[in-house]
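Shown next: input_11.cif, given as mmCIF, C-alpha atoms (C1' of nucleotides); chains and numbers go by the auth columns.
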data_coords
loop_
_atom_site.group_PDB
_atom_site.id
_atom_site.type_symbol
_atom_site.label_atom_id
_atom_site.label_comp_id
_atom_site.label_asym_id
_atom_site.label_seq_id
_atom_site.Cartn_x
_atom_site.Cartn_y
_atom_site.Cartn_z
_atom_site.B_iso_or_equiv
_atom_site.auth_seq_id
_atom_site.auth_asym_id
ATOM 1 C CA MET A 1 115.564 54.837 109.955 0.00 1 A
ATOM 2 C CA ASN A 2 112.559 57.199 109.914 0.00 2 A
ATOM 3 C CA ALA A 3 108.965 56.526 108.988 0.00 3 A
ATOM 4 C CA PHE A 4 109.509 58.296 105.700 0.00 4 A
ATOM 5 C CA SER A 5 112.416 56.091 104.694 0.00 5 A
ATOM 6 C CA LYS A 6 110.457 53.072 105.793 0.00 6 A
ATOM 7 C CA LYS A 7 107.609 54.017 103.491 0.00 7 A
ATOM 8 C CA VAL A 8 110.037 54.571 100.672 0.00 8 A
ATOM 9 C CA TYR A 9 111.515 51.111 101.115 0.00 9 A
ATOM 10 C CA SER A 10 108.069 49.551 101.322 0.00 10 A
ATOM 11 C CA ALA A 11 107.014 51.262 98.111 0.00 11 A
ATOM 12 C CA ALA A 12 110.224 50.170 96.397 0.00 12 A
ATOM 13 C CA LEU A 13 109.563 46.591 97.433 0.00 13 A
ATOM 14 C CA LYS A 14 106.119 46.856 95.860 0.00 14 A
ATOM 15 C CA ILE A 15 107.640 47.438 92.443 0.00 15 A
ATOM 16 C CA PRO A 16 107.055 44.367 90.241 0.00 16 A
ATOM 17 C CA PHE A 17 110.020 42.311 89.145 0.00 17 A
ATOM 18 C CA GLY A 18 111.545 43.415 85.865 0.00 18 A
ATOM 19 C CA GLU A 19 109.700 46.735 85.928 0.00 19 A
ATOM 20 C CA VAL A 20 110.627 50.244 86.955 0.00 20 A
ATOM 21 C CA ARG A 21 108.814 53.090 88.681 0.00 21 A
ATOM 22 C CA SER A 22 109.603 56.776 88.928 0.00 22 A
ATOM 23 C CA TYR A 23 110.543 58.631 92.098 0.00 23 A
ATOM 24 C CA LYS A 24 107.323 60.526 91.740 0.00 24 A
ATOM 25 C CA TRP A 25 105.396 57.284 91.690 0.00 25 A
ATOM 26 C CA VAL A 26 107.013 56.200 94.944 0.00 26 A
ATOM 27 C CA ALA A 27 106.464 59.644 96.431 0.00 27 A
ATOM 28 C CA GLU A 28 102.761 59.499 95.651 0.00 28 A
ATOM 29 C CA LYS A 29 102.578 55.933 96.922 0.00 29 A
ATOM 30 C CA ILE A 30 103.959 56.930 100.303 0.00 30 A
ATOM 31 C CA GLY A 31 101.661 59.922 100.526 0.00 31 A
ATOM 32 C CA ARG A 32 104.244 62.635 99.749 0.00 32 A
ATOM 33 C CA PRO A 33 103.828 63.407 96.037 0.00 33 A
ATOM 34 C CA LYS A 34 106.139 66.345 96.360 0.00 34 A
ATOM 35 C CA ALA A 35 108.869 64.510 98.218 0.00 35 A
ATOM 36 C CA PHE A 36 110.342 62.704 95.228 0.00 36 A
ATOM 37 C CA ARG A 37 113.698 64.202 96.142 0.00 37 A
ATOM 38 C CA ALA A 38 113.553 62.981 99.701 0.00 38 A
ATOM 39 C CA VAL A 39 112.690 59.574 98.258 0.00 39 A
ATOM 40 C CA GLY A 40 115.950 59.484 96.378 0.00 40 A
ATOM 41 C CA GLN A 41 117.741 60.623 99.493 0.00 41 A
ATOM 42 C CA ALA A 42 116.286 57.791 101.536 0.00 42 A
ATOM 43 C CA LEU A 43 117.085 55.257 98.844 0.00 43 A
ATOM 44 C CA LYS A 44 120.643 56.418 98.499 0.00 44 A
ATOM 45 C CA ASN A 45 120.949 56.198 102.293 0.00 45 A
ATOM 46 C CA ASN A 46 119.160 52.873 102.299 0.00 46 A
ATOM 47 C CA PRO A 47 120.448 50.631 105.116 0.00 47 A
ATOM 48 C CA TYR A 48 119.750 47.431 103.177 0.00 48 A
ATOM 49 C CA PRO A 49 120.621 47.897 99.499 0.00 49 A
ATOM 50 C CA LEU A 50 120.348 44.155 99.053 0.00 50 A
ATOM 51 C CA ILE A 51 116.703 43.832 100.045 0.00 51 A
ATOM 52 C CA ILE A 52 115.634 47.096 98.514 0.00 52 A
ATOM 53 C CA PRO A 53 115.224 47.129 94.705 0.00 53 A
ATOM 54 C CA CYS A 54 116.394 50.703 94.512 0.00 54 A
ATOM 55 C CA HIS A 55 117.566 49.978 90.968 0.00 55 A
ATOM 56 C CA ARG A 56 113.928 49.709 89.940 0.00 56 A
ATOM 57 C CA VAL A 57 113.408 53.354 90.804 0.00 57 A
ATOM 58 C CA VAL A 58 114.203 55.683 87.922 0.00 58 A
ATOM 59 C CA ASN A 59 113.370 59.242 86.919 0.00 59 A
ATOM 60 C CA SER A 60 110.227 60.237 85.157 0.00 60 A
ATOM 61 C CA GLY A 61 109.999 58.800 81.679 0.00 61 A
ATOM 62 C CA GLY A 62 111.728 55.595 82.656 0.00 62 A
ATOM 63 C CA SER A 63 115.212 56.984 82.102 0.00 63 A
ATOM 64 C CA LEU A 64 117.999 55.814 84.345 0.00 64 A
ATOM 65 C CA GLY A 65 118.239 57.920 87.457 0.00 65 A
ATOM 66 C CA GLY A 66 121.018 57.443 89.945 0.00 66 A
ATOM 67 C CA TYR A 67 122.385 54.587 91.954 0.00 67 A
ATOM 68 C CA SER A 68 124.570 54.105 95.006 0.00 68 A
ATOM 69 C CA ARG A 69 126.920 51.974 92.944 0.00 69 A
ATOM 70 C CA GLY A 70 126.746 53.934 89.728 0.00 70 A
ATOM 71 C CA LYS A 71 124.262 54.140 86.904 0.00 71 A
ATOM 72 C CA LYS A 72 126.042 51.402 85.047 0.00 72 A
ATOM 73 C CA THR A 73 125.277 48.894 87.776 0.00 73 A
ATOM 74 C CA LYS A 74 121.683 50.004 87.790 0.00 74 A
ATOM 75 C CA LYS A 75 121.403 49.552 84.046 0.00 75 A
ATOM 76 C CA MET A 76 122.948 46.133 84.337 0.00 76 A
ATOM 77 C CA LEU A 77 120.497 45.087 87.037 0.00 77 A
ATOM 78 C CA LEU A 78 117.523 46.375 85.081 0.00 78 A
ATOM 79 C CA ASP A 79 118.644 44.579 81.960 0.00 79 A
ATOM 80 C CA LEU A 80 119.224 41.397 83.922 0.00 80 A
ATOM 81 C CA GLU A 81 115.793 41.577 85.508 0.00 81 A
ATOM 82 C CA ARG A 82 114.195 42.188 82.128 0.00 82 A
ATOM 83 C CA TYR A 83 115.961 39.156 80.772 0.00 83 A
ATOM 84 C CA LEU A 84 114.959 36.962 83.711 0.00 84 A
ATOM 85 C CA LYS A 85 111.393 38.174 83.489 0.00 85 A
ATOM 86 C CA GLN A 86 111.323 37.237 79.825 0.00 86 A
ATOM 87 C CA CYS A 87 112.622 33.778 80.633 0.00 87 A
ATOM 88 C CA ILE A 88 110.026 33.290 83.344 0.00 88 A
ATOM 89 C CA GLU A 89 107.096 34.561 81.283 0.00 89 A
ATOM 90 C CA ASN A 90 108.200 32.484 78.307 0.00 90 A
ATOM 91 C CA LYS A 91 108.840 29.585 80.660 0.00 91 A
ATOM 92 C CA LYS A 92 112.145 29.121 78.949 0.00 92 A
ATOM 93 C "C1'" DC B 1 116.352 75.460 114.792 0.00 93 B
ATOM 94 C "C1'" DA B 2 118.512 76.777 110.377 0.00 94 B
ATOM 95 C "C1'" DA B 3 121.298 75.890 106.389 0.00 95 B
ATOM 96 C "C1'" DA B 4 122.963 72.772 103.018 0.00 96 B
ATOM 97 C "C1'" DC B 5 122.420 68.742 100.236 0.00 97 B
ATOM 98 C "C1'" DT B 6 120.032 65.451 97.350 0.00 98 B
ATOM 99 C "C1'" DA B 7 119.474 59.148 92.961 0.00 99 B
ATOM 100 C "C1'" DT B 8 113.978 64.894 90.822 0.00 100 B
ATOM 101 C "C1'" DT B 9 110.428 67.140 88.110 0.00 101 B
ATOM 102 C "C1'" DC B 10 108.244 70.641 85.231 0.00 102 B
ATOM 103 C "C1'" DA B 11 108.214 74.501 82.157 0.00 103 B
ATOM 104 C "C1'" DG B 12 110.477 77.277 78.738 0.00 104 B
ATOM 105 C "C1'" DC B 13 113.581 77.645 74.566 0.00 105 B
ATOM 106 C "C1'" DG C 1 118.343 68.338 74.840 0.00 106 C
ATOM 107 C "C1'" DC C 2 119.677 71.779 78.305 0.00 107 C
ATOM 108 C "C1'" DT C 3 118.858 75.464 81.882 0.00 108 C
ATOM 109 C "C1'" DG C 4 116.486 77.475 85.603 0.00 109 C
ATOM 110 C "C1'" DA C 5 113.235 77.341 89.304 0.00 110 C
ATOM 111 C "C1'" DA C 6 110.464 74.858 92.826 0.00 111 C
ATOM 112 C "C1'" DT C 7 109.795 71.508 96.648 0.00 112 C
ATOM 113 C "C1'" DA C 8 110.158 68.029 100.715 0.00 113 C
ATOM 114 C "C1'" DG C 9 112.706 65.529 103.881 0.00 114 C
ATOM 115 C "C1'" DT C 10 117.272 64.019 106.019 0.00 115 C
ATOM 116 C "C1'" DT C 11 121.508 65.243 107.832 0.00 116 C
ATOM 117 C "C1'" DT C 12 124.839 68.159 110.058 0.00 117 C
ATOM 118 C "C1'" DG C 13 126.273 72.188 112.961 0.00 118 C
#
Could you render the structure from this file as structure tokens?
Amino acid sequence: MNAFSKKVYSAALKIPFGEVRSYKWVAEKIGRPKAFRAVGQALKNNPYPLIIPCHRVVNSGGSLGGYSRGKKTKKMLLDLERYLKQCIENKK
DNA sequence: CAAACTATTCAGC
DNA sequence: GCTGAATAGTTTG
């Protein structure tokens, strides 16, 4: 794992629950606004897909980007998180 | 070290 | 909405 990947994972972990951020956002967060592609690379090569909310990282506009397990899984996770967030905020 | 690859992004039509 | 071009870092040879 390189410093770049590390930063990417840290930024991904900073993403709030039930929300999504763009690759560009992460790239700027880590100090490489023009490395949005490398960000995706690091995420797809992420060593710990379970502790890294890579599914919260999408393309610009909030559209679904890619995912190691397929876009469908990503969509499912995002939907699930949205639902859980709603439950928590509504205390239901 | 260089070339290829990549879960992208922006501009133009 | 799709196509083409640009860009940065990792990985492989």
Item to check | Chain and number of each residue from the PyMOL selection byres ((chain B) within 10 of (chain A)), as a PyMOL selection string | outcome: chain B and resi 97-101
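Note that the spacing between C1' of DC102 in chain B and C1' of DG106 in chain C amounts to 14.7 Å.
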Item to check | Spatial neighbours of Phe17 in chain A, 10 Å, all atoms listed in the file, chain gap at least 5 places, as an MDAnalysis selection string | outcome: chainID A and resid 53 56 78 81:82 84:85
Write out as CSV a residue-level contact list of chain C versus chain A with cut-off 10 Å: for each qualifying residue the closest pair of atoms and the distance in Å to one decimal, counting all atoms listed in the file, rows sorted by chain and residue number upward.
residue,atom,partner,partner_atom,distance
C:DT112,C1',A:Lys34,CA,6.3
C:DA113,C1',A:Ala35,CA,4.5
C:DG114,C1',A:Ala38,CA,5.0
C:DT115,C1',A:Gln41,CA,7.4
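Between CA of Lys74 in chain A and CA of Ile15 in chain A there is a distance of 15.0 Å.
Summary of the local environment: counting all atoms listed in the file, residues at most 12 Å from DA96 in chain B, other than itself and those fewer than 6 positions away along its chain, are DT115, DT116, DT117 and DG118 of chain C.
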Checklist entry - For the file shown, what are the residues hit by the PyMOL selection byres ((chain C and resi 109) around 12), laid out as a PyMOL selection string? => result (chain B and resi 102-105) or (chain C and resi 107-108+110-111)
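Atom pair CA of Lys29 in chain A / CA of Ile52 in chain A has a distance of 15.8 Å (rounded to one decimal).
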Please determine an axis-aligned box that encloses all atoms of range 21-37 of chain A listed in the file, with 8 Å added on each side, and express its centre and edge lengths in Å to one decimal as AutoDock Vina command-line options.
--center_x 107.7 --center_y 59.7 --center_z 94.6 --size_x 28.0 --size_y 29.3 --size_z 27.8
Missing atoms in range 39-56 of chain A: fill them in up to N, CA, C and O atoms and send the result as a compact mmCIF listing (two decimals), in the frame of the given file.
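Output below, filename out-v8.txt:
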# COMPACT_ATOMS: atom_id res chain seq x y z
N VAL A 39 112.74 61.01 98.56
CA VAL A 39 112.69 59.57 98.26
C VAL A 39 114.07 59.11 97.80
O VAL A 39 114.61 58.12 98.28
N GLY A 40 114.61 59.83 96.87
CA GLY A 40 115.95 59.48 96.38
C GLY A 40 116.96 59.52 97.51
O GLY A 40 117.82 58.66 97.61
N GLN A 41 116.82 60.50 98.36
CA GLN A 41 117.74 60.62 99.49
C GLN A 41 117.68 59.37 100.35
O GLN A 41 118.70 58.79 100.69
N ALA A 42 116.48 58.97 100.69
CA ALA A 42 116.29 57.79 101.54
C ALA A 42 116.86 56.56 100.85
O ALA A 42 117.54 55.75 101.48
N LEU A 43 116.60 56.43 99.58
CA LEU A 43 117.08 55.26 98.84
C LEU A 43 118.60 55.24 98.79
O LEU A 43 119.23 54.21 98.91
N LYS A 44 119.17 56.38 98.59
CA LYS A 44 120.64 56.42 98.50
C LYS A 44 121.24 56.14 99.87
O LYS A 44 122.33 55.60 99.99
N ASN A 45 120.50 56.46 100.93
CA ASN A 45 120.95 56.20 102.29
C ASN A 45 120.35 54.89 102.81
O ASN A 45 120.34 54.65 104.00
N ASN A 46 119.82 54.11 101.88
CA ASN A 46 119.16 52.87 102.30
C ASN A 46 120.12 51.98 103.09
O ASN A 46 121.24 51.76 102.66
N PRO A 47 119.65 51.48 104.23
CA PRO A 47 120.45 50.63 105.12
C PRO A 47 120.61 49.22 104.57
O PRO A 47 121.56 48.54 104.91
N TYR A 48 119.68 48.78 103.74
CA TYR A 48 119.75 47.43 103.18
C TYR A 48 119.63 47.45 101.66
O TYR A 48 118.58 47.13 101.12
N PRO A 49 120.66 47.82 100.96
CA PRO A 49 120.62 47.90 99.50
C PRO A 49 120.38 46.54 98.86
O PRO A 49 120.09 46.46 97.67
N LEU A 50 120.53 45.49 99.63
CA LEU A 50 120.35 44.16 99.05
C LEU A 50 118.89 43.74 99.05
O LEU A 50 118.46 42.97 98.20
N ILE A 51 118.12 44.23 99.99
CA ILE A 51 116.70 43.83 100.04
C ILE A 51 115.80 44.92 99.48
O ILE A 51 114.62 44.75 99.36
N ILE A 52 116.42 46.02 99.09
CA ILE A 52 115.63 47.10 98.51
C ILE A 52 115.96 47.27 97.04
O ILE A 52 117.09 47.62 96.70
N PRO A 53 115.01 47.00 96.15
CA PRO A 53 115.22 47.13 94.70
C PRO A 53 115.32 48.58 94.27
O PRO A 53 114.56 49.05 93.45
N CYS A 54 116.26 49.27 94.82
CA CYS A 54 116.39 50.70 94.51
C CYS A 54 116.74 50.89 93.04
O CYS A 54 116.55 51.97 92.49
N HIS A 55 117.21 49.85 92.39
CA HIS A 55 117.57 49.98 90.97
C HIS A 55 116.32 49.99 90.09
O HIS A 55 116.38 50.28 88.92
N ARG A 56 115.18 49.69 90.71
CA ARG A 56 113.93 49.71 89.94
C ARG A 56 113.31 51.09 89.99
O ARG A 56 112.29 51.35 89.38
